[in-house]
Structures are given as structure tokens and as C-alpha cells.
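Peer 1: Questions regarding the structure given below will be posed in turn.
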Amino acid sequence: MLRTLLPMALSAAAAFVLSACPEPAEGEGEGEGEGEGEGEGEGEGDGETCGGALTLTEGTPASGDTTGAADDITLGCNYDPGASGDLFYSFTVDADASVTLDLATELDLSVALFDANTCAGDAELGCADAAVADEQIAVPYLAPGTYFVAVDGNNGIEGPFTLTLTLGAPQCVGDGLDADAGGTGNETPATALWLGGANLDTATIDNDESTPAIDPIDLHMCAADVDYYLLSHLGGGLDVSVTTNTGESGSAAGELFLATIDQAATATQGAPVVTGESGAAIPFATAATDLAGGYYLLKVSETGALLTDPVGYQFAFAHDCESDGYDSPTVALDDETTATGATGLSFSDDVAADAATALSICGGNDDAFVVEALAAGSAVVTLTGGGSLTATITFIVDDTTTEVAATNVSASVAAGNQTITFSALDTGGRYVVRLSEAAPSSTTISYTVTADFTYDPAPNDTCANAEAITVADTQQTFEGNNMVANSEIVGLCNGDADVDMATNPTDIGTDVFYSLNIAAPTNLEVRLEGTGGGYSGSMTVYRYPGATCPSDPNTLVAIKKDGTDYNAASDEPADACAYDRLRIANIPAGDYLVVADGSAGAFILIFVIPPAKGSFDLTTQAFAAGFPPAEACSEATTITLPAAGASLDLPVAFADYSAESELSGSCGGSGQERVFTFTPAANANLTLTTAAAGVDTVVYLRSAACEAAAPVEVGCNDDSAATDDGLASAVDVAVTAGTEYFLVVDSYGTIDAASDPNGTTLSVAVQ
């Protein structure tokens, strides 16, 4: 039933989602309308200090140069802080207005807006350092008063710029969840913010942990705004409230609706896909019975919101039966059904107590998860707090769907906890662990899951114990893993070369060995595909004379993609290794070693990435008559270059990419690709660029042949310096009349439709 809300704690997951909302004063909207006030300066200074700021007039670009200026400030948004000159400006607005500041420059400068002449951090209203060149600050509302602007440079960068002030009509911008403030938008049922089935009270979310008091996140509504939140409910009592913040000029009110869910789309995408709300709201009053299980929409609307004073509010709800992230009130979407699918919870490696998976059971909604072995060995799964639950363990043999009784598995209970022991893991399928209450109850049983796997060492961990494999004119597939393995050889492509063995020796990638005899010269293809545990890595083929391992495997000679020997002094590592498919043309008869190198560990920014371990499939195939042409090359699109001074924009949609990675450039490109071909009528200089999009692109140009063991590359670029976003690419090349060229739009890594729904745009400009 619906009751008055009692105080409650916030789940960590919900806290993360909501606390990411930006403050509305830093919105990205642009100023619109006529200026409501004119920029004025009082007491023109020299611009060297905030107190001595130069006058900035609305609509009149101000030219400046930080070269030789004093270093008085470091802006909070500077990407690379350091000593560099800065200049200060001030302007005055006489009436409520929106403000846009445009900084035009070719240098890596930054700009900030302040509401006090100290230009201190606590007075900062906006700061921009998003690109190497032009920057913009857009603030939807400023009250009448004098404001200050600082132009600074990143470490050691100084130079000229132009600063322009634009005043417009004041705007009320929604909170960080709304589309006009840069969020995804929660103004309709279809865009409702998904909050799951955990208990939540937004008033307890501390948006500023640096202060002793709780600073709740900013949730507010402008006039006529509506906010939607989507939650799941397993059934039973549900407490809901919407509370207007103290001191607001208007008020917020809530209604609860039964949500209509597209079950098929939800099953595909993971999160509920809302298509609408029910015709009648469920009132915030005591109902005759408990609320039925289902998906519900909390609709929050406002009354009395002002342009300069939107209505702020907080909301909360609590379930008698609190669900975990794998539960659903719809059977087909609940973990009882989805556990064995792609979205189910699965364990295949250690899960420590500090990273335990939190689950809950209530109201007869049972839980289920999978235990999948990546290698032979044993495992212990512990349910802390789950001692009262009934566990049933079954097994699904690979390539089947039928659950049969599991063997070599036992369960025990002690001190309120339950331990499930797998004494001899079976790698030929998956274990399904199903948990239920002794009897359905309205009391939530919360528990955590940890796992301790003990895998046997890989039998082919050393060169001397290499596993014998074969090659034929049809694919031959061999299962492998590096769950427990060492490193006998420094990989060429897996990141081993970047590991500091003196300080981080455990970051080295682990490798396993395979021996292969080739009876007659052929064209060899080897594929490596991770099948479990997050495996990633590369593969290299080495000469294996006499099928005998040297005392130091690092003295083995790798084979390049053209069938010749690799020379570390003159060749690139990529000439002799690959991540997912390695093709070696004209490889001579003889004995060889195929080495699968797991990716090395690394430290990137603040993230520690351990060496990659898991299971994989290694596939071999011989193509005596030659490799089949790359799909991207055989389906290359012919284009005609535009006239000098013009450009051609070519949309590159995900559906147009090749099914797998078949090409790569000297600067990268290990994902799928799209190829265009052209033959210029005259010599020309071209600029080839891609727009920033969901996919990280690599652009390169080849001549002579689209696909070759040693392609002739004219130019290659991964990340454009102009956009500095890590996604777009740009390269300048010179082409010769009458020569056929192949222009490749590659992806830096493997992509899928979900990560690249809109593709990118390739621009070909003729200088």
C-alpha cells in the first residue's frame, strides 16, 4: 500500500547516477534574444589583475594577447596547469540576462567567468578548456551586477585571442537531468530516469562531501516542466513522497502511474523501455491492498515556478520488498529466467569481499546466477547473509539448454552464511545456482556473493610443453586459457614492451604456446577470440627449428605477415603480430610456434588495469590458392574527388562497416572498417577528416592495392590535433593523377551498433 515515507538510506548505485548531475549555472545552452543590458566598465585598468580588469563591451570583440603578461591565476578547468600569462576583463549587466562568452584563438587557452573581483575559485560561475582552440561559456541567467572574466593559458602557452560578450534574454534552464542542461532528458515517460527497485531518498544524497552538512543534489523545474522517474516494484507496500524544498516560491507535486513497458525491447537493451503511462494516477494515499508488482512512473510537476526561481524538490520511495539489479516484476525479465542469457549474472574468477555482489530476495522472487569455469580446477562461492536460502545447483552442457543435476557440488551453512563448493569444475558447460526463500515473505533478505576460484596451471604454459595443433584448408579450432600462466617471452603487440619490470613485474602479460608443423608452403591464417573472463591479447608465429625450444624463448625469430623473418631493428612489431586475425602469406614449410600473449597490465590515468586472463579459441586455416579478399576491399565504394577548393562529405554508418577487422594502418585500426576508392584526374593535395562521433576512428590512405602483405601507405592518423577529442581523425596527403587509391575509415577497436548508432562523417577536401 502507499504510505507516508519514513527516513531511509540511499543505495550506492543510485547515488552515483544522481550525483553526476551538473549545476544549472554551468549549462551549455547558448544565449538567445536581444541583450537586456549593456556592458560597462568602471575604472579602466591594465588587465593584469582581476581588480584592474579591462572593460568588455557587449557585441564588441576585444583583442588581447597574454604573451609576457603576469601569471596571476590558474583556472580550475585548465587541462595542463602551469606558469602562463593571463588577462582580466569586466562587464556590467543592468537587468536579468543570459551571457555567452566566446574565446576565439588558435592556442590552448582557457576562459572563466567570476562574480567577484577577487576571481577566486569560490566565485567562479563557469570555466571552459574543452579544446585546443576556441572556447565558449554560456550561462542562462545572471542577475544585474558586475562580473569578471579571466583568460589563461595551459602550461607555458601564451598568445593572441579575441573575446566577445553576448547578452540575451534570461533563461530558466532545467536541472542536470534535463536535455536543455546537457542531460539525457526526463521530461517524458520514454525518457524517464531509471532508478531500479532499490530504496531511495534524494535528500540523503550529499552532493558536496567537502562540507559537514548534507548538500542534496539539485532537482528543480522551470515553468511547465515535468520530470519522470521509473522504478520497478516486486509487490507489497511502497512508500512514496515528493517534498518541495524549504523557501521555494512555488511547489512540486507527485503522481504515481503504472508504466507500460516494451518487453521485447527491454529484454534486448537490458534496461526497461517505457512506451507510456497508464490512464489514471495512483494517489498518494492508503490503498485497500498492497501495490501489485510492476513498473511504475513517478511524475513530478510544478506550480508557481518563476524564471529566476525554479521549483526545487526532493523525492523518496521505499519498498517492503527491495529488489536488486537483476530482479524484475516481469518473469521473462527476472534473473530466474535471464540468468543463463547474455544479461545474466555470472562468476568465472575471484570476487573478493570488498567487491562482493550485493543481492536480495523477497516476496517469492527467487534469484539465480551462473558459475562458469574457464579452466579445470575448483571454486568456492560464499553467500554472506544467505544461510537461510535454499540452493539448487544444476548444469547446462555446452550447446544445449537443458538443466541437469550438477555433480561434484556441495553446500553447507554456518553462522548465517552459506558456502557452495565446486570440487572439480567441469569446463564443458555452465553451473546454474538458483536461490529461494524457505517461504515467501515481505521481509527482504539481503546477502552478498563472493567467489574464490583455484584454477589448474595451463599445461602449455612453457615453450617446452607447447600443445600440438594442426592446420588444414578448413578451420581447425582449439580451446585454450591463460588463467594460471607465466610469461616466457616478451610479446610484440600485447603491451609487454611497455611494462617496467623493475617496479611492476606482475604487469607482464602471460603467454601459452602451440606447436604447428606446415608440410608445404601455404598462406596461413590464425585467429584468436576471447571466450570468457575478459580475455584479450595478441598472437605471433615464430620459427621453431627442429621443434626444439631455445634456452631463452626471446631468441625465437618471429615471422612477418609477408612470410619473411622479423627484424626488430628495421621492422614494426605490427608486421609480425595481430590481435584477432593474423595472416601470413607464403609461409615456408617447417615447424612453428604460435604464441598467444595475454594483454599486459597498465596504469591509465587513475585506473589500474591488471593483465588480461581468461579463455579463448585459437583457430587455424590454410589458403593454398591465396587469401580471400577483405570484405571491406571487395565492397569498396567508388567516389569522385570534388573540384579544387571544394569538399565531399560521406556519411559512414555502422551498417556499412565490414563484419570484422581485416585491415589496419600504421597508426592503428584494430576494429571494423569501410573503404572508398578513387583515381584522381590531376595531382592534388587532400585533407581527410572524420567528425567526432560514438566511434573512435582511424583514417589512412593506400595506393597500389587495398589489401597487401606490405601495403603502400600514403598517410595515417588516429587522433586529430584540431579536435583534441580522442575520436576524430585528420590527415593531409598528396595524390598523383592516374593512380588508384584506397581510403580507409577504420575503427580504433571493435565496435557494435550500440556504441556507434549514428556512425561518423568522412570529409574529403581538395586544396
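By convention here, the chains of the C-alpha cells are called A, B, ... in the order presented, each chain's residues are numbered starting at 1, and ligands are numbered starting at 1 in the order presented.
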Run DSSP on the backbone and tell me which residues of region 19-185 of chain A come out as strand (DSSP E); list them as an MDAnalysis selection string.
Peer 2: chainID A and resid 54:55 62:65 87:93 97:104 109:114 124:128 135:142 145:153 160:168
Peer 1: How close does region 642-673 of chain A get to region 516-536 of chain A? List, as a tab-separated table, each residue of region 642-673 of chain A within 12 Å, its nearest atom pair and the distance in Å to one decimal, counting only C-alpha atoms.
Peer 2:
```
residue	atom	partner	partner_atom	distance
A:Glu660	CA	A:Arg527	CA	11.6
A:Ser661	CA	A:Arg527	CA	11.3
A:Glu662	CA	A:Arg527	CA	11.4
```
Peer 1: Produce a file of the selected residues containing all heavy atoms, as an mmCIF file, in the first residue's frame.
Peer 2:
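Everything below was put into result07.cif:
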```cif
data_model
loop_
_atom_site.group_PDB
_atom_site.id
_atom_site.type_symbol
_atom_site.label_atom_id
_atom_site.label_comp_id
_atom_site.auth_asym_id
_atom_site.auth_seq_id
_atom_site.Cartn_x
_atom_site.Cartn_y
_atom_site.Cartn_z
ATOM 1 N N GLU A 660 34.079 -7.731 -39.646
ATOM 2 C CA GLU A 660 35.198 -7.923 -38.732
ATOM 3 C C GLU A 660 36.389 -7.107 -39.203
ATOM 4 O O GLU A 660 36.394 -6.567 -40.315
ATOM 5 C CB GLU A 660 35.579 -9.399 -38.651
ATOM 6 C CG GLU A 660 35.980 -9.998 -39.989
ATOM 7 C CD GLU A 660 36.263 -11.489 -39.892
ATOM 8 O OE1 GLU A 660 36.285 -12.009 -38.768
ATOM 9 O OE2 GLU A 660 36.469 -12.120 -40.930
ATOM 10 N N SER A 661 37.387 -7.006 -38.370
ATOM 11 C CA SER A 661 38.585 -6.249 -38.717
ATOM 12 C C SER A 661 39.451 -7.053 -39.675
ATOM 13 O O SER A 661 39.855 -8.174 -39.374
ATOM 14 C CB SER A 661 39.381 -5.916 -37.454
ATOM 15 O OG SER A 661 40.588 -5.271 -37.793
ATOM 16 N N GLU A 662 39.723 -6.456 -40.846
ATOM 17 C CA GLU A 662 40.544 -7.136 -41.835
ATOM 18 C C GLU A 662 41.735 -6.295 -42.281
ATOM 19 O O GLU A 662 42.659 -6.802 -42.898
ATOM 20 C CB GLU A 662 39.693 -7.498 -43.056
ATOM 21 C CG GLU A 662 38.558 -8.464 -42.729
ATOM 22 C CD GLU A 662 37.687 -8.790 -43.937
ATOM 23 O OE1 GLU A 662 37.106 -7.860 -44.517
ATOM 24 O OE2 GLU A 662 37.603 -9.966 -44.290
#
```
Peer 1: Would you compute the distance between CA of Glu467 (chain A) and CA of Phe623 (chain A)? Give it in Å to one decimal.
Peer 2: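 Separating CA of Glu467 (chain A) from CA of Phe623 (chain A) is a distance of 22.7 Å.
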Peer 1: Which residues are close to Ile420 (chain A), i.e. within 7 Å by only C-alpha atoms, leaving aside same-chain residues fewer than 6 positions away? Reply as a PyMOL selection string.
Peer 2: chain A and resi 380-382+410-412
Peer 1: Convert the current residue selection to file output with all heavy atoms, as a short mmCIF file (atom, residue, chain, number, x, y, z; two decimals), in the first residue's frame.
Peer 2:
```cif
data_model
loop_
_atom_site.label_atom_id
_atom_site.label_comp_id
_atom_site.auth_asym_id
_atom_site.auth_seq_id
_atom_site.Cartn_x
_atom_site.Cartn_y
_atom_site.Cartn_z
N VAL A 380 34.91 -21.98 -4.71
CA VAL A 380 34.06 -21.85 -3.53
C VAL A 380 33.30 -20.53 -3.66
O VAL A 380 33.90 -19.46 -3.79
CB VAL A 380 34.88 -21.85 -2.23
CG1 VAL A 380 33.97 -21.60 -1.03
CG2 VAL A 380 35.62 -23.17 -2.06
N VAL A 381 31.97 -20.61 -3.63
CA VAL A 381 31.11 -19.44 -3.70
C VAL A 381 30.46 -19.27 -2.33
O VAL A 381 29.85 -20.20 -1.82
CB VAL A 381 30.04 -19.58 -4.80
CG1 VAL A 381 29.08 -18.40 -4.76
CG2 VAL A 381 30.71 -19.67 -6.17
N THR A 382 30.59 -18.07 -1.75
CA THR A 382 30.07 -17.82 -0.41
C THR A 382 28.93 -16.81 -0.46
O THR A 382 29.07 -15.74 -1.07
CB THR A 382 31.17 -17.29 0.52
OG1 THR A 382 32.24 -18.25 0.57
CG2 THR A 382 30.64 -17.06 1.92
N SER A 410 28.68 -29.27 -3.45
CA SER A 410 28.07 -29.43 -2.13
C SER A 410 27.83 -28.06 -1.51
O SER A 410 28.48 -27.08 -1.87
CB SER A 410 28.98 -30.26 -1.21
OG SER A 410 30.23 -29.61 -1.03
N ALA A 411 26.85 -27.98 -0.59
CA ALA A 411 26.53 -26.73 0.08
C ALA A 411 26.51 -26.95 1.59
O ALA A 411 26.09 -28.01 2.08
CB ALA A 411 25.18 -26.21 -0.39
N SER A 412 26.95 -25.94 2.35
CA SER A 412 26.94 -26.02 3.80
C SER A 412 26.59 -24.66 4.38
O SER A 412 26.80 -23.62 3.74
CB SER A 412 28.31 -26.47 4.33
OG SER A 412 29.31 -25.54 3.96
#
```
Peer 1: Calculate how many Å separate CA of Val698 (chain A) from CA of Gly668 (chain A), rounding to one decimal.
Peer 2: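 CA of Gly668 (chain A) lies at a distance of 6.6 Å from CA of Val698 (chain A).
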Peer 1: Write out as a PyMOL selection string each polymer residue whose atoms come within 8 Å of region 314-331 of chain A, counting only C-alpha atoms; drop sequence neighbours fewer than 6 positions from it.
Peer 2: chain A and resi 5+8+196-203+219+232-245+293-295+337+344-345+358-363+365+367+442-444
Peer 1: To one decimal place, how far is CA of Ser251 (chain A) from CA of Asp178 (chain A) in Å?
Peer 2: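 Distance between the two atoms: 18.5 Å.
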Peer 1: For Ser423 (chain A), which residue out of A:Ser446, A:Thr454, A:Ser703, A:Ser84 is the nearest one, using only C-alpha atoms?
Peer 2: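 The answer is A:Thr454, which sits nearest to Ser423 (chain A).
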Peer 1: Which residues are close to Ala722 (chain A), i.e. within 9 Å by only C-alpha atoms, leaving aside same-chain residues fewer than 5 positions away? Reply as a ChimeraX atom specification.
Peer 2: /A:131-133,728-730
Peer 1: With distances taken over only C-alpha atoms, which residue among A:Ser664, A:Thr462, A:Thr690, A:Ser647 lies nearest Ala630 (chain A)?
Peer 2: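 Under the stated criterion, the closest residue is A:Ser664.
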